[in-house]
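Please read the structure below before turning to the comments.
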Amino acid sequence: MAAPRFAALGGGGWLGGALVRAALSAGVIAPATTVVTSRRGAVDGFEAFAGLGMTADNRQAAAQADVVLVAVRPGDIDALDADLSGKLVLSVMAMVPIDELAGRFGCRRIVRAMPNAAAGRLKSFTPMVAGEALDEQDRRFAEAFFAASGIAEWLPDERALDYFTGLTGSGPAFFAALAAAMERDAVARGFDAALAARAIRQLLAGAAEELAGERSPSELVSIFKDYRGTTAAGLTAMEEHGLDPLVRAMLEAAERRAAGLT
């Protein structure tokens, strides 16, 4: 199947750029039929893709496309001047539901998705929600586009997407916050900051590999608890200080924000 004419509105940003580069590398879209927009017109990071179009004109880019990625910040949506009627629209904007996209831009074939910061490393988990007007070909393209940067899976509705926006969309930042807290504690105990940073980064890299294995997180926790050693003591302290309520509050706050309730 020939690559579609593709426009990435806001594709010069970090997330849009990561998604487009992954899709280009995977052959889901082609440089000769792809246009990326940014406020400057010129976009860095696409030097390897000869023939790629670049512009500051969102309206013109969208008019020439069959498929449009909307990757602008939610706060910039009022300035997005484009007619998207008749096009397949892939939106990665949080807090902007399908009905609002349809009302603003005249489009009916809409996919909302929420990649995360790991898209640039091809490690994103991207939940997707399909608008009612999508056909099977549209769904297959959306799956291929977002799977190019990691794993992509469909959710039943936008309420589920709001939850996953916090769970996986924001998730990398939550793990980064835990890592930063561990670094701060090491420094407060008198250890060199650079040493603490190296140790924690290697720790997270190793933990990610372990979690990608066959054992579930709960199984791993149980195994460490059974040793009744230093790790078990730390895990017990986490539970006694309210780990589950903390995580619930964190995810509920992100979900409310994604739903536009805060």
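Each chain in the structure tokens gets a letter, A, B and so on, in the order shown; residues start at 1 in every chain, and ligands are counted from 1 in the order they appear.
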Closest pair table for segment 9-43 of chain A residues within 12 Å of segment 77-85 of chain A, only C-alpha atoms, as CSV:
```
residue,atom,partner,partner_atom,distance
A:Leu9,CA,A:Leu80,CA,8.7
A:Gly10,CA,A:Leu80,CA,9.6
A:Thr37,CA,A:Leu80,CA,11.3
A:Ser38,CA,A:Leu80,CA,11.4
A:Arg39,CA,A:Leu80,CA,11.2
```
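Every protein or nucleic acid residue with an atom no more than 6 Å from segment 59-68 of chain A, counting only C-alpha atoms and leaving out same-chain residues fewer than 5 positions away, appears here: A:Arg5, A:Phe6, A:Ala7, A:Ala8, A:Asp81, A:Ala82, A:Lys87, A:Leu88, A:Val89.
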When you draw a straight line from atom CA of Asp185 of chain A to atom CA of Arg248 of chain A, how long is it in Å?
23.7 Å
Which of A:Leu167, A:Ala232, A:Leu195, A:Leu204 sits closest to Ala253 of chain A [using only C-alpha atoms]:
A:Leu167
Shortest interatomic distance to Ala148 of chain A - which of A:Gly45, A:Gly75, A:Pro172, A:Gly27, counting only C-alpha atoms
A:Gly27
In segment 33-252 of chain A, what's strand (DSSP E) per DSSP? Answer as a VMD selection string?
chain A and resid 34 to 37 53 to 55 67 to 70 88 to 91 109 to 113 124 to 130 150 to 154
Write to file, as an mmCIF file, in the first residue's frame, the residues of the selection just made, with C-alpha atoms.
```cif
data_model
loop_
_atom_site.group_PDB
_atom_site.id
_atom_site.type_symbol
_atom_site.label_atom_id
_atom_site.label_comp_id
_atom_site.auth_asym_id
_atom_site.auth_seq_id
_atom_site.Cartn_x
_atom_site.Cartn_y
_atom_site.Cartn_z
ATOM 1 C CA THR A 34 5.161 14.021 4.560
ATOM 2 C CA VAL A 35 5.084 17.631 5.741
ATOM 3 C CA VAL A 36 6.061 18.711 9.252
ATOM 4 C CA THR A 37 5.014 22.091 10.633
ATOM 5 C CA GLY A 53 8.533 18.963 3.604
ATOM 6 C CA MET A 54 8.721 21.647 6.291
ATOM 7 C CA THR A 55 6.531 24.706 6.741
ATOM 8 C CA VAL A 67 -3.787 11.912 7.274
ATOM 9 C CA VAL A 68 -3.073 14.652 9.830
ATOM 10 C CA LEU A 69 -1.251 14.286 13.142
ATOM 11 C CA VAL A 70 -2.273 17.014 15.597
ATOM 12 C CA LEU A 88 -7.998 10.847 9.163
ATOM 13 C CA VAL A 89 -6.961 12.819 12.231
ATOM 14 C CA LEU A 90 -4.550 11.437 14.838
ATOM 15 C CA SER A 91 -4.566 13.648 17.938
ATOM 16 C CA ARG A 109 -12.449 10.090 11.349
ATOM 17 C CA ILE A 110 -10.562 10.694 14.596
ATOM 18 C CA VAL A 111 -8.125 8.742 16.743
ATOM 19 C CA ARG A 112 -7.014 10.094 20.102
ATOM 20 C CA ALA A 113 -3.793 8.639 21.466
ATOM 21 C CA SER A 124 6.320 4.203 24.380
ATOM 22 C CA PHE A 125 3.125 2.527 25.486
ATOM 23 C CA THR A 126 0.459 4.361 23.495
ATOM 24 C CA PRO A 127 -3.224 3.880 24.358
ATOM 25 C CA MET A 128 -5.650 4.797 21.578
ATOM 26 C CA VAL A 129 -9.374 5.531 21.292
ATOM 27 C CA ALA A 130 -11.258 5.374 17.990
ATOM 28 C CA GLY A 150 6.648 1.244 20.873
ATOM 29 C CA ILE A 151 3.465 -0.614 21.756
ATOM 30 C CA ALA A 152 0.007 0.685 20.787
ATOM 31 C CA GLU A 153 -3.271 -0.684 22.126
ATOM 32 C CA TRP A 154 -6.927 0.288 21.789
#
```
For Asp99 of chain A: contacts at 9 Å, only C-alpha atoms, fewer than 4 positions along chain excluded, given as an MDAnalysis selection string:
chainID A and resid 103:104 108 131
Save out the residues we just selected, N, CA and C atoms, as a CSV table (one decimal), in the first residue's frame.
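As a result, result_7.csv now contains:
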```csv
chain,number,residue,atom,x,y,z
A,103,GLY,N,-15.9,19.3,16.3
A,103,GLY,CA,-16.6,20.6,16.2
A,103,GLY,C,-15.7,21.7,15.7
A,104,ARG,N,-14.4,21.6,16.2
A,104,ARG,CA,-13.5,22.7,15.8
A,104,ARG,C,-13.0,22.6,14.3
A,108,ARG,N,-14.3,13.8,11.1
A,108,ARG,CA,-15.1,12.8,11.7
A,108,ARG,C,-14.3,11.5,12.0
A,131,GLY,N,-12.7,7.1,17.1
A,131,GLY,CA,-14.0,7.8,16.9
A,131,GLY,C,-14.9,6.8,16.2
```
